[in-house]
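Structure file target-v7.cif (mmCIF, C-alpha atoms and all ligand atoms) is printed below.
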data_run
#
loop_
_atom_site.label_atom_id
_atom_site.label_comp_id
_atom_site.auth_asym_id
_atom_site.auth_seq_id
_atom_site.Cartn_x
_atom_site.Cartn_y
_atom_site.Cartn_z
CA MET A 1 0.00 0.00 0.00
CA ASN A 2 1.29 3.46 -0.95
CA VAL A 3 0.03 6.35 1.12
CA ILE A 4 0.49 10.13 0.98
CA PHE A 5 0.26 12.23 4.13
CA PHE A 6 -0.62 15.65 2.93
CA GLY A 7 -0.91 18.86 4.92
CA PRO A 8 0.63 22.20 5.86
CA PRO A 9 3.98 22.63 7.64
CA ALA A 10 4.01 21.19 11.16
CA ALA A 11 0.72 19.36 10.60
CA GLY A 12 2.21 16.26 12.20
CA LYS A 13 2.88 14.30 9.03
CA GLY A 14 6.32 13.14 10.11
CA THR A 15 5.18 12.21 13.62
CA GLN A 16 2.29 10.13 12.30
CA ALA A 17 4.31 8.58 9.47
CA LYS A 18 6.85 7.27 11.98
CA ILE A 19 4.11 5.70 14.11
CA ILE A 20 2.24 4.19 11.18
CA GLN A 21 5.28 2.83 9.33
CA ASP A 22 6.23 0.56 12.20
CA LYS A 23 2.70 -0.73 12.73
CA TYR A 24 1.93 -1.40 9.08
CA GLY A 25 5.27 -2.41 7.63
CA LEU A 26 5.44 0.64 5.41
CA GLN A 27 8.49 2.83 4.77
CA GLN A 28 8.33 6.57 5.41
CA LEU A 29 9.95 8.65 2.67
CA SER A 30 10.26 12.26 3.82
CA THR A 31 11.89 14.63 1.34
CA GLY A 32 12.41 17.11 4.20
CA ASP A 33 14.34 14.47 6.21
CA MET A 34 16.33 13.47 3.12
CA LEU A 35 17.28 17.09 2.45
CA ARG A 36 18.28 17.60 6.10
CA ALA A 37 20.45 14.45 5.83
CA GLU A 38 22.19 15.96 2.77
CA ILE A 39 22.83 19.16 4.75
CA GLU A 40 24.16 17.15 7.68
CA ALA A 41 26.48 15.23 5.37
CA GLY A 42 27.73 18.49 3.87
CA THR A 43 27.06 17.44 0.25
CA ASP A 44 26.86 19.97 -2.61
CA LEU A 45 23.15 19.29 -2.85
CA GLY A 46 22.81 19.92 0.87
CA LYS A 47 24.64 23.23 0.63
CA LYS A 48 22.40 24.34 -2.21
CA ALA A 49 19.24 23.16 -0.46
CA LYS A 50 20.05 24.74 2.91
CA LYS A 51 19.79 28.31 1.66
CA ILE A 52 16.46 27.61 0.02
CA MET A 53 15.05 25.68 2.98
CA ASP A 54 16.11 28.31 5.50
CA SER A 55 14.15 30.89 3.55
CA GLY A 56 11.08 28.65 3.58
CA ALA A 57 10.96 28.31 -0.22
CA LEU A 58 10.64 25.00 -2.06
CA VAL A 59 13.70 23.31 -3.51
CA SER A 60 13.43 22.40 -7.18
CA ASP A 61 11.09 19.66 -8.32
CA GLU A 62 14.01 17.96 -10.05
CA ILE A 63 15.98 17.58 -6.83
CA VAL A 64 13.19 16.02 -4.79
CA ILE A 65 11.92 13.85 -7.64
CA ASP A 66 15.46 12.47 -8.11
CA MET A 67 15.74 11.79 -4.37
CA ILE A 68 12.50 9.82 -4.36
CA ALA A 69 13.50 7.96 -7.55
CA ALA A 70 16.75 6.95 -5.87
CA ARG A 71 14.86 5.34 -2.96
CA ILE A 72 11.73 3.89 -4.49
CA ASP A 73 13.31 0.57 -5.56
CA SER A 74 15.13 -0.07 -2.30
CA PRO A 75 14.08 -3.24 -0.44
CA GLU A 76 12.60 -1.36 2.52
CA CYS A 77 10.07 0.22 0.17
CA ALA A 78 8.84 -3.13 -1.18
CA GLY A 79 6.04 -3.36 1.39
CA GLY A 80 4.73 0.09 0.53
CA VAL A 81 5.60 3.71 1.23
CA ILE A 82 4.27 6.61 3.26
CA PHE A 83 5.15 9.76 1.34
CA ASP A 84 5.58 12.66 3.75
CA GLY A 85 6.19 16.17 2.45
CA PHE A 86 6.14 14.87 -1.12
CA PRO A 87 4.57 15.56 -3.58
CA ARG A 88 4.40 19.28 -2.81
CA THR A 89 3.70 20.51 -6.35
CA VAL A 90 1.54 19.19 -9.18
CA ALA A 91 4.69 18.50 -11.22
CA GLN A 92 5.95 16.30 -8.37
CA ALA A 93 2.59 14.50 -8.18
CA GLU A 94 2.67 13.78 -11.89
CA ALA A 95 6.26 12.53 -11.69
CA LEU A 96 5.35 10.25 -8.78
CA ASP A 97 2.37 8.80 -10.63
CA LYS A 98 4.60 8.02 -13.62
CA MET A 99 7.30 6.52 -11.42
CA LEU A 100 4.79 4.21 -9.72
CA ALA A 101 2.95 3.31 -12.94
CA ALA A 102 6.25 2.22 -14.51
CA ARG A 103 6.51 -0.27 -11.64
CA GLY A 104 2.90 -1.45 -11.83
CA LYS A 105 2.10 0.43 -8.62
CA LYS A 106 -0.04 3.38 -7.64
CA ILE A 107 -0.99 5.66 -4.78
CA ASP A 108 -3.67 3.83 -2.81
CA ILE A 109 -4.69 6.59 -0.47
CA VAL A 110 -4.07 10.28 0.10
CA MET A 111 -4.95 11.74 3.50
CA GLU A 112 -5.11 15.39 4.33
CA LEU A 113 -4.00 16.42 7.81
CA ASP A 114 -5.93 19.56 8.53
CA VAL A 115 -4.57 21.89 11.23
CA ASP A 116 -5.60 25.40 12.27
CA GLN A 117 -3.12 28.16 11.53
CA GLY A 118 -2.84 29.14 15.22
CA LYS A 119 -1.88 25.56 16.09
CA ILE A 120 0.73 25.50 13.33
CA ILE A 121 2.44 28.58 14.75
CA GLU A 122 2.30 27.10 18.26
CA ARG A 123 3.87 23.82 17.10
CA VAL A 124 6.61 25.49 15.08
CA GLU A 125 7.57 27.63 18.07
CA LYS A 126 7.68 24.53 20.25
CA ARG A 127 9.74 22.58 17.69
CA ALA A 128 12.12 25.52 17.30
CA ALA A 129 12.80 25.41 21.04
CA GLU A 130 13.17 21.60 21.10
CA GLU A 131 14.93 20.76 17.83
CA GLY A 132 16.44 24.05 16.65
CA ARG A 133 15.49 23.53 13.01
CA SER A 134 16.77 26.57 11.13
CA ASP A 135 13.54 26.99 9.12
CA ASP A 136 11.39 27.01 12.27
CA ASN A 137 11.16 30.75 12.71
CA ILE A 138 8.33 33.14 12.00
CA GLY A 139 9.89 34.59 8.83
CA ALA A 140 10.51 31.21 7.18
CA LEU A 141 7.20 29.86 8.43
CA LYS A 142 5.33 32.68 6.70
CA THR A 143 7.04 31.74 3.44
CA ARG A 144 6.36 28.03 4.03
CA LEU A 145 2.66 28.71 4.56
CA GLN A 146 2.65 30.92 1.47
CA GLN A 147 4.33 28.15 -0.57
CA TYR A 148 1.76 25.73 0.76
CA ASN A 149 -1.10 27.94 -0.37
CA ASP A 150 0.50 28.77 -3.73
CA TYR A 151 1.72 25.33 -4.78
CA SER A 152 0.88 22.51 -2.44
CA ALA A 153 -2.81 23.28 -2.04
CA LYS A 154 -3.10 22.64 -5.79
CA VAL A 155 -1.93 19.08 -5.25
CA LEU A 156 -5.17 18.26 -3.39
CA PRO A 157 -7.49 18.83 -6.36
CA TYR A 158 -5.08 16.73 -8.44
CA TYR A 159 -5.70 13.74 -6.15
CA GLU A 160 -9.35 14.54 -5.52
CA ALA A 161 -9.84 14.14 -9.26
CA GLN A 162 -8.56 10.56 -8.84
CA GLY A 163 -10.68 9.66 -5.79
CA ALA A 164 -11.72 10.69 -2.31
CA VAL A 165 -9.12 12.39 -0.08
CA PRO A 166 -10.19 11.83 3.53
CA LYS A 167 -9.56 14.69 5.90
CA ILE A 168 -7.98 14.06 9.30
CA ASP A 169 -8.47 16.50 12.15
CA GLY A 170 -4.82 17.17 12.98
CA ASN A 171 -5.62 19.54 15.85
CA GLN A 172 -6.16 16.61 18.20
CA SER A 173 -3.64 14.70 20.32
CA ILE A 174 -1.03 12.50 18.60
CA GLU A 175 -2.91 9.36 19.70
CA ALA A 176 -6.27 10.65 18.49
CA VAL A 177 -4.80 11.57 15.11
CA THR A 178 -3.21 8.12 14.81
CA SER A 179 -6.61 6.51 15.50
CA GLN A 180 -8.23 8.51 12.73
CA ILE A 181 -5.50 7.47 10.30
CA GLU A 182 -5.74 3.82 11.30
CA ALA A 183 -9.51 3.83 10.82
CA ILE A 184 -8.94 4.91 7.23
CA LEU A 185 -6.09 2.48 6.59
CA THR A 186 -7.95 -0.53 7.97
CA GLY A 187 -11.08 0.46 6.07
CA LYS A 188 -8.94 0.48 2.95
CA ASP A 189 -7.33 -2.79 3.90
CA SER A 190 -10.02 -5.18 2.69
CA ALA A 191 -7.31 -6.46 0.34
CA PRO A 192 -4.77 -7.16 3.10
CA SER A 193 -1.93 -8.29 0.86
CA ALA A 194 -0.54 -4.77 0.69
CA VAL A 195 0.13 -4.46 4.41
CA SER A 196 0.03 -7.77 6.21
CA GLY A 197 0.63 -10.21 3.38
CA GLY A 198 4.36 -9.62 3.36
CA ALA A 199 4.49 -8.39 -0.24
P1 LIG B 1 7.43 20.73 7.10
O1 LIG B 1 6.74 19.41 7.19
O2 LIG B 1 7.52 21.42 8.42
O3 LIG B 1 6.89 21.58 5.99
P2 LIG B 1 9.65 19.50 5.72
O4 LIG B 1 10.70 18.86 6.52
O5 LIG B 1 8.68 18.63 5.00
O6 LIG B 1 8.93 20.51 6.70
O7 LIG B 1 10.32 20.47 4.62
C1 LIG B 1 11.24 21.45 4.99
C2 LIG B 1 11.75 22.20 3.73
O8 LIG B 1 12.38 21.28 2.82
C3 LIG B 1 10.67 22.88 2.88
O9 LIG B 1 10.32 24.16 3.34
C4 LIG B 1 11.36 22.91 1.50
O10 LIG B 1 12.30 23.94 1.39
C5 LIG B 1 12.10 21.58 1.44
N1 LIG B 1 11.29 20.49 0.85
C6 LIG B 1 10.91 19.34 1.48
N2 LIG B 1 10.19 18.57 0.65
C7 LIG B 1 10.08 19.25 -0.52
C8 LIG B 1 9.44 19.00 -1.76
N3 LIG B 1 8.74 17.88 -1.96
N4 LIG B 1 9.55 19.94 -2.75
C9 LIG B 1 10.25 21.04 -2.58
N5 LIG B 1 10.87 21.36 -1.43
C10 LIG B 1 10.80 20.48 -0.41
#
Encoded form (structure tokens):
Amino acid sequence: MNVIFFGPPAAGKGTQAKIIQDKYGLQQLSTGDMLRAEIEAGTDLGKKAKKIMDSGALVSDEIVIDMIAARIDSPECAGGVIFDGFPRTVAQAEALDKMLAARGKKIDIVMELDVDQGKIIERVEKRAAEEGRSDDNIGALKTRLQQYNDYSAKVLPYYEAQGAVPKIDGNQSIEAVTSQIEAILTGKDSAPSAVSGGA
């Protein structure tokens, strides 16, 4: 089963993806985490990406699409993937569809984590204090929310045209959000081979 967690910055996509991947044998692919790993490793790509990320802008479609392409055939992805923070533009969504189709696969479910703007600001401030991420400041967050509205929000209609996109109330506690996600996944899981059949 291939799942997309979709939603604004600090919606809790990464938190939920980490919980769900262990329970369902899926692999989280987070382009944000991959980019931060490149920065950490001091690669040329990381150096280029850091400036863009710190400003809150999106890195190029080509970079993130290539990063996903480099991981999609790895053994840990064989049981299915949770895409987190990708696709963020329609061009990325189209590239992902093509990539999966070429492998006889598809996106099985897209979920939207919906969070109030006030909550987003609260969470980013908390994460800034705890993790010190350099894009967790009010200036960059404004740009990230703007990018979300300008580009990422257009990804939703792209998937809605392919089928229902259930909305999760992401304002609730971590556990309550996980329950909502699991209700959708198990409802979808009438063909269990994808998750429990050890594909
Ligand atoms: P958040 O979930 O808080 O938005 P992420 O870790 O997903 O944070 O992303 C942090 C930054 O990494 C983004 O602001 C952007 O610069 C870059 N980034 C991550 N994923 C993508 C993507 N799919 N396309 C373009 N840029 C991306």
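Of the residues under consideration (A:Gly80, A:Gly14, A:Gly139, A:Pro9), A:Pro9 shows the shortest atom-to-atom contact distance to ligand LIG 1 (chain B) when counting only C-alpha atoms and all ligand atoms.
Pocket residues of ligand LIG 1 (chain B), taken as those with any atom at most 6 Å away using only C-alpha atoms and all ligand atoms, are Pro9, Ala10, Thr31, Gly32, Asp33, Ile52, Met53, Gly56, Ala57, Leu58, Val59, Ser60, Asp61, Val64, Gly85, Phe86, Pro87, Arg88 and Arg144 of chain A.
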message: Residues proximal to (9.1, 0.2, 0.8) were defined as those with any atom within 12 Å of that point in the file's coordinates, counting all atoms listed in the file. Which are they, as a PyMOL selection string?
response: chain A and resi 1-3+21-22+24-29+68+71-83+105+194-195+198-199
- line: Counting all atoms listed in the file, the residue among A:Ser134, A:Met111, A:Ala69, A:Pro8 that lies closest to Ala183 in chain A is A:Met111
- prompt: Which neighbours of Asp44 in chain A fall inside 12 Å, counting only C-alpha atoms, when residues of the same chain fewer than 6 positions from it are skipped, and could you give them as an NGL selection string?
  reply: :A and (35 or 37-38 or 50-51 or 63)
Range 73-94 of chain A written out with N, CA, C and O atoms as a CSV table (one decimal), in the first residue's frame:
chain,number,residue,atom,x,y,z
A,73,ASP,N,13.1,2.0,-5.3
A,73,ASP,CA,13.3,0.6,-5.6
A,73,ASP,C,14.1,-0.1,-4.4
A,73,ASP,O,14.4,-1.3,-4.6
A,74,SER,N,14.4,0.6,-3.4
A,74,SER,CA,15.1,-0.1,-2.3
A,74,SER,C,14.2,-1.1,-1.6
A,74,SER,O,13.0,-0.9,-1.5
A,75,PRO,N,14.9,-2.1,-1.0
A,75,PRO,CA,14.1,-3.2,-0.4
A,75,PRO,C,13.1,-2.8,0.6
A,75,PRO,O,12.0,-3.3,0.8
A,76,GLU,N,13.5,-1.8,1.4
A,76,GLU,CA,12.6,-1.4,2.5
A,76,GLU,C,11.3,-0.7,2.0
A,76,GLU,O,10.4,-0.6,2.8
A,77,CYS,N,11.3,-0.4,0.7
A,77,CYS,CA,10.1,0.2,0.2
A,77,CYS,C,9.2,-0.8,-0.5
A,77,CYS,O,8.1,-0.5,-0.9
A,78,ALA,N,9.6,-2.1,-0.5
A,78,ALA,CA,8.8,-3.1,-1.2
A,78,ALA,C,7.5,-3.3,-0.6
A,78,ALA,O,6.5,-3.7,-1.3
A,79,GLY,N,7.3,-3.1,0.7
A,79,GLY,CA,6.0,-3.4,1.4
A,79,GLY,C,5.1,-2.2,1.3
A,79,GLY,O,4.0,-2.2,1.8
A,80,GLY,N,5.6,-1.1,0.7
A,80,GLY,CA,4.7,0.1,0.5
A,80,GLY,C,5.4,1.3,1.2
A,80,GLY,O,6.3,1.1,2.0
A,81,VAL,N,4.9,2.5,0.8
A,81,VAL,CA,5.6,3.7,1.2
A,81,VAL,C,4.6,4.7,1.8
A,81,VAL,O,3.4,4.8,1.3
A,82,ILE,N,5.0,5.4,2.8
A,82,ILE,CA,4.3,6.6,3.3
A,82,ILE,C,5.0,7.8,2.8
A,82,ILE,O,6.2,8.1,3.2
A,83,PHE,N,4.5,8.5,1.8
A,83,PHE,CA,5.1,9.8,1.3
A,83,PHE,C,4.8,10.9,2.2
A,83,PHE,O,3.6,11.1,2.5
A,84,ASP,N,5.8,11.6,2.7
A,84,ASP,CA,5.6,12.7,3.7
A,84,ASP,C,6.3,13.9,3.3
A,84,ASP,O,7.5,13.9,3.1
A,85,GLY,N,5.6,14.9,3.0
A,85,GLY,CA,6.2,16.2,2.4
A,85,GLY,C,6.5,16.1,1.0
A,85,GLY,O,7.2,17.0,0.4
A,86,PHE,N,6.0,15.1,0.3
A,86,PHE,CA,6.1,14.9,-1.1
A,86,PHE,C,4.9,14.1,-1.6
A,86,PHE,O,4.5,13.1,-0.9
A,87,PRO,N,4.3,14.4,-2.7
A,87,PRO,CA,4.6,15.6,-3.6
A,87,PRO,C,4.0,16.9,-3.0
A,87,PRO,O,3.0,16.9,-2.4
A,88,ARG,N,4.8,18.0,-3.3
A,88,ARG,CA,4.4,19.3,-2.8
A,88,ARG,C,4.0,20.2,-4.0
A,88,ARG,O,3.5,21.3,-3.7
A,89,THR,N,4.2,19.7,-5.2
A,89,THR,CA,3.7,20.5,-6.4
A,89,THR,C,3.0,19.5,-7.3
A,89,THR,O,3.2,18.3,-7.2
A,90,VAL,N,2.2,20.1,-8.2
A,90,VAL,CA,1.5,19.2,-9.2
A,90,VAL,C,2.6,18.5,-10.1
A,90,VAL,O,2.4,17.3,-10.4
A,91,ALA,N,3.6,19.1,-10.4
A,91,ALA,CA,4.7,18.5,-11.2
A,91,ALA,C,5.3,17.3,-10.5
A,91,ALA,O,5.5,16.2,-11.1
A,92,GLN,N,5.4,17.4,-9.2
A,92,GLN,CA,5.9,16.3,-8.4
A,92,GLN,C,4.9,15.2,-8.3
A,92,GLN,O,5.3,14.0,-8.4
A,93,ALA,N,3.7,15.5,-8.2
A,93,ALA,CA,2.6,14.5,-8.2
A,93,ALA,C,2.6,13.7,-9.5
A,93,ALA,O,2.4,12.5,-9.5
A,94,GLU,N,2.7,14.4,-10.6
A,94,GLU,CA,2.7,13.8,-11.9
A,94,GLU,C,3.9,12.9,-12.0
A,94,GLU,O,3.8,11.7,-12.5
